[in-house]
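Here's the structure we're looking at; comments come further down.
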Amino acid sequence: MKRYRLVFTVSVAALLFGGATVAGEIYKWTDDDGNAHYEDRPIADANIERLDITSRSTDNAAIQARQKADREARAAARQVAAEAPKEMSKQELRAEQEKRQEQCQTYRDRQVRFSRSQRLYEEGEDGERRYLDDAETVAAHNRVQQQIDKYCGT
């Protein structure tokens, strides 16, 4: 029983003191040669500057979303290059890729608006709203997804 208590006490102490080292301060000082040095303790006879460093947890979902968007942009660029006529210049090809990326972003934004909306509607010529029924809403979602697949790549 004493052994478990000792292991528990040592574990708790390691956790407490291990966290204290992460929360330390950082000091920057420059030597006579102009080289910058970074220390966790201030140097007594040096001109030091305390750095305010904050950290935060990595947002894995945001990173994955950014990586997915990058992969899709590269796939769309390859698709444009593959579909482009041989006589198209690099500048024209780049302009076409940028146009497709803008269209991709437009349809992605529309998809986000659709998902946040409670009800979808379309405006008539007279400016009146006509709300879409369930079948029309599903069809609108499908059309936007087809456009995303077309312009963003699959």
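Labels for the structure tokens follow display order: chains A, B, ..., residues from 1 in each chain, ligands from 1.
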
If you run DSSP on this backbone, which residues of chain A come out as helix (DSSP H, G or I), and could you give them as a short mmCIF file (atom, residue, chain, number, x, y, z; two decimals) with C-alpha atoms, in the first residue's frame?
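selection_39.cif was written with the following content:
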data_model
loop_
_atom_site.label_atom_id
_atom_site.label_comp_id
_atom_site.auth_asym_id
_atom_site.auth_seq_id
_atom_site.Cartn_x
_atom_site.Cartn_y
_atom_site.Cartn_z
CA LYS A 2 2.87 2.38 0.83
CA ARG A 3 4.36 1.70 -2.58
CA TYR A 4 1.19 2.86 -4.38
CA ARG A 5 1.06 5.99 -2.24
CA LEU A 6 4.68 6.75 -3.12
CA VAL A 7 4.04 6.23 -6.84
CA PHE A 8 0.93 8.41 -6.65
CA THR A 9 2.78 11.20 -4.79
CA VAL A 10 5.68 11.17 -7.26
CA SER A 11 3.27 11.21 -10.23
CA VAL A 12 1.32 14.17 -8.87
CA ALA A 13 4.53 16.06 -8.12
CA ALA A 14 5.85 15.42 -11.64
CA LEU A 15 2.63 16.72 -13.16
CA LEU A 16 2.62 19.84 -11.01
CA PHE A 17 6.24 20.74 -11.56
CA GLY A 18 6.19 19.73 -15.23
CA GLY A 19 3.45 22.26 -15.94
CA ALA A 20 5.38 25.05 -14.26
CA THR A 21 8.21 24.85 -16.80
CA VAL A 22 5.81 25.40 -19.70
CA ASN A 60 -6.96 20.43 -36.01
CA ALA A 61 -10.28 20.92 -37.79
CA ALA A 62 -9.12 24.23 -39.27
CA ILE A 63 -5.84 22.70 -40.42
CA GLN A 64 -7.62 19.76 -42.04
CA ALA A 65 -10.07 22.11 -43.76
CA ARG A 66 -7.21 24.25 -45.09
CA GLN A 67 -5.35 21.15 -46.33
CA LYS A 68 -8.49 19.85 -48.02
CA ALA A 69 -9.05 23.22 -49.72
CA ASP A 70 -5.42 23.24 -50.91
CA ARG A 71 -5.74 19.71 -52.31
CA GLU A 72 -8.95 20.64 -54.11
CA ALA A 73 -7.38 23.81 -55.53
CA ARG A 74 -4.44 21.81 -56.88
CA ALA A 75 -6.79 19.20 -58.35
CA ALA A 76 -8.85 21.94 -60.01
CA ALA A 77 -5.69 23.53 -61.41
CA ARG A 78 -4.60 20.17 -62.85
CA GLN A 79 -8.06 19.69 -64.32
CA VAL A 80 -7.94 23.11 -66.00
CA ALA A 81 -4.47 22.37 -67.36
CA ALA A 82 -5.62 19.00 -68.70
CA GLU A 83 -8.73 20.46 -70.37
CA LYS A 90 0.58 30.16 -69.39
CA GLN A 91 -0.94 33.56 -68.60
CA GLU A 92 -4.29 32.52 -70.07
CA LEU A 93 -4.10 29.23 -68.22
CA ARG A 94 -3.38 31.04 -64.93
CA ALA A 95 -6.31 33.40 -65.55
CA GLU A 96 -8.59 30.42 -66.20
CA GLN A 97 -7.42 28.74 -62.99
CA GLU A 98 -8.08 31.91 -60.98
CA LYS A 99 -11.54 32.19 -62.53
CA ARG A 100 -12.33 28.60 -61.56
CA GLN A 101 -11.09 29.19 -58.01
CA GLU A 102 -13.34 32.24 -57.69
CA GLN A 103 -16.30 30.23 -58.98
CA CYS A 104 -15.42 27.41 -56.59
CA GLN A 105 -15.40 29.82 -53.65
CA THR A 106 -18.69 31.37 -54.77
CA TYR A 107 -20.42 27.98 -54.80
CA ARG A 108 -18.85 26.97 -51.48
CA ASP A 109 -20.16 30.19 -49.92
CA ARG A 110 -23.58 29.46 -51.37
CA GLN A 111 -23.49 25.96 -49.90
CA VAL A 112 -22.67 27.41 -46.46
CA ARG A 113 -25.56 29.89 -46.77
CA PHE A 114 -27.89 27.06 -47.75
CA SER A 115 -26.85 24.99 -44.74
CA ARG A 116 -27.39 27.93 -42.37
CA ASP A 134 -38.63 20.24 -49.87
CA ALA A 135 -38.06 18.78 -53.35
CA GLU A 136 -36.92 22.16 -54.75
CA THR A 137 -34.58 22.63 -51.76
CA VAL A 138 -32.97 19.23 -52.34
CA ALA A 139 -32.62 20.03 -56.05
CA ALA A 140 -30.96 23.38 -55.23
CA HIS A 141 -28.52 21.65 -52.86
CA ASN A 142 -27.71 19.09 -55.54
CA ARG A 143 -27.11 21.80 -58.18
CA VAL A 144 -24.70 23.63 -55.86
CA GLN A 145 -22.86 20.38 -55.07
CA GLN A 146 -22.54 19.65 -58.81
CA GLN A 147 -21.06 23.11 -59.37
CA ILE A 148 -18.62 22.58 -56.49
CA ASP A 149 -17.57 19.26 -58.01
CA LYS A 150 -17.15 20.93 -61.41
CA TYR A 151 -15.15 23.98 -60.31
CA CYS A 152 -13.36 22.71 -57.21
#

As an MDAnalysis selection string, please: every residue in region 11-82 of chain A that DSSP puts in strand (DSSP E or B). chainID A and resid 26:30 36:39 48:51

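From CA of Asp33 (chain A) back to CA of Asn47 (chain A), the distance works out to 13.5 Å.
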
Counting only C-alpha atoms, the option among A:Asp52, A:Asp45, A:Glu122, A:Asp59 closest to Asp31 (chain A):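 Nearest to Asp31 (chain A): A:Asp45.
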
What separates CA of Tyr27 (chain A) and CA of Glu39 (chain A) is a distance of 5.2 Å
